[in-house]
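Asks: One structure, pasted below without further comment.
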Amino acid sequence: MIRTGLPYEFRPSPNIEPRKDGIRPDILLMHYTEMESAAKACDWLCDPRSKVSCHYLVDETGEIVQMVDEAMRAWHAGQSSWRGESDINSRSIGIEIQNPGLRYGYRAFPDVQMRTVIALSKDIVARNGIRPERVLAHSDVAPGRKVDPGELFNWRLLHEAGIGHWVEPAPIDDGAGPKADESGPGVMQLQKALAGYGYGLPVTGIYDARTKTVVSAFQLHFRQARVDGIADRSTVETLDRLVAALDVTS
Ligand SMILES: [Zn+2]
């Protein structure tokens, strides 16, 4: 339960089950609802027919609804993978952030909503001992299938508040990236870096469709100024900075 004194309403969702093998959550996963309102999202996430749920929902007004106890497995990640693990629901806590999304009009997340997301995340991360590099976007664990919370989600703000792993993105210049189906050591190195960081990407040495999809997912989180699936110089440099900033000692 939330400890920081944040007010919240509890509305239990029936769409839950125990975490597999008693796994303790070590990922915090961010989503947007892609619904017209938080009330509609809440109804859907609590409807047994939807077969989806989430631990928390944060409205644009900053109000929090908890739907699933953190000890339980909620159904928000779907088919996903990160660092070779595929049962992301068993090892994560999910926050749905109200936003109409691409379907109803994607827009900026209001400040009051972001402040609540940050306070809630701080609480979750501290209580569960979640490492910064395991605070992720739904798009990170399901590239191509999911794009939420998208390029307007302010990961920098979270990082400044001590949540998540993030580096200043390298500025966009005219440094071009590999073209479709191009191969070579550069492509291999890029794939290894992305897969090593956690993305579900086979290292083929070819700039194939999956690589483009994963590069887009990377950009949605770490190089939001341009999301095009092209591994230009800024993207590659940002990835290098990110990997170099990983704290491998702890
Ligand atoms: Zn999602």
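Ordering of the structure tokens sets the chain letters (A, B, ...), residue numbers begin anew at 1 in every chain, and ligands are numbered from 1 in the order given.
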List the spatial neighbours of A:Glu17 as number ranges by chain - criterion: any atom at most 12 Å away, only C-alpha atoms, same-chain residues fewer than 3 positions off excluded.
Replies: A: 13-14, 20-22, 51-54, 68-75, 89-90
Asks: Within 6 Å of ligand 1, which residues show up when you count only C-alpha atoms and all ligand atoms? List them as a list in words, please.
Replies: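 Written in the requested form, the residues are His31, Tyr32, His138 and Asp148 of chain A.
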Asks: List the spatial neighbours of stretch 149-154 of chain A as a ChimeraX atom specification - criterion: any atom at most 12 Å away, only C-alpha atoms, same-chain residues fewer than 4 positions off excluded.
Replies: /A:29-34,94-102,106-111,113-115,117-118,136-143,158-161,163-164,166,216-228
Asks: Could you work out how far atom CA of A:Gly162 lies from atom CA of A:Thr238, giving the answer in Å with one decimal?
Replies: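 Computing the Euclidean distance for atom CA of A:Thr238 and atom CA of A:Gly162 yields 19.4 Å.
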Asks: So that I can check the secondary structure, give me every residue of stretch 102-197 of chain A assigned strand (DSSP E or B) by backbone DSSP, as a ChimeraX atom specification.
Replies: /A:135-137,143,146,183
Asks: Give me a file of those residues, with C-alpha atoms, as a PDB file, in the first residue's frame.
Replies:
```pdb
ATOM      1  CA  VAL A 135      11.673   1.639 -14.540  1.00  0.00           C
ATOM      2  CA  LEU A 136      10.404   1.080 -18.070  1.00  0.00           C
ATOM      3  CA  ALA A 137       7.866   2.041 -20.703  1.00  0.00           C
ATOM      4  CA  PRO A 143       8.308  -2.855 -29.145  1.00  0.00           C
ATOM      5  CA  LYS A 146       2.887  -0.912 -27.898  1.00  0.00           C
ATOM      6  CA  SER A 183      24.619  -5.211 -42.601  1.00  0.00           C
TER       7      SER A 183
END
```
Asks: Enumerate, as a PyMOL selection string, the complete set of residues in stretch 80-242 of chain A that a backbone-based DSSP assignment places in alpha helix (DSSP H).
Replies: chain A and resi 101-104+111-128+138-141+155-160+185-197+209-222+233-242
Asks: Between A:Val236, A:Ala244, A:Trp155, A:Leu57, which has the minimum distance to A:Gln189 (counting only C-alpha atoms)?
Replies: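 Nearest to A:Gln189: A:Val236.
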Asks: Mind pulling up the distance from atom CA of A:Gly200 to atom CA of A:Asp26?
Replies: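 Those two atoms sit 17.8 Å apart.
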Asks: Work out how far apart atom CA of A:Ile88 and atom CA of A:Ile130 are and give it in Å to one decimal.
Replies: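 Computed distance, atom CA of A:Ile88 to atom CA of A:Ile130, equals 13.9 Å.
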Asks: With distances taken over only C-alpha atoms, which of A:Leu120, A:Ala126, A:Val214, A:Ile27 is nearest to A:Arg145?
Replies: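 Smallest distance to A:Arg145 is found for A:Val214.
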Asks: Write out as a PyMOL selection string which residues come within 10 Å of stretch 170-177 of chain A when counting only C-alpha atoms, dropping same-chain ones fewer than 5 positions away.
Replies: chain A and resi 182+186-187+207+222-223+225-226+229-241
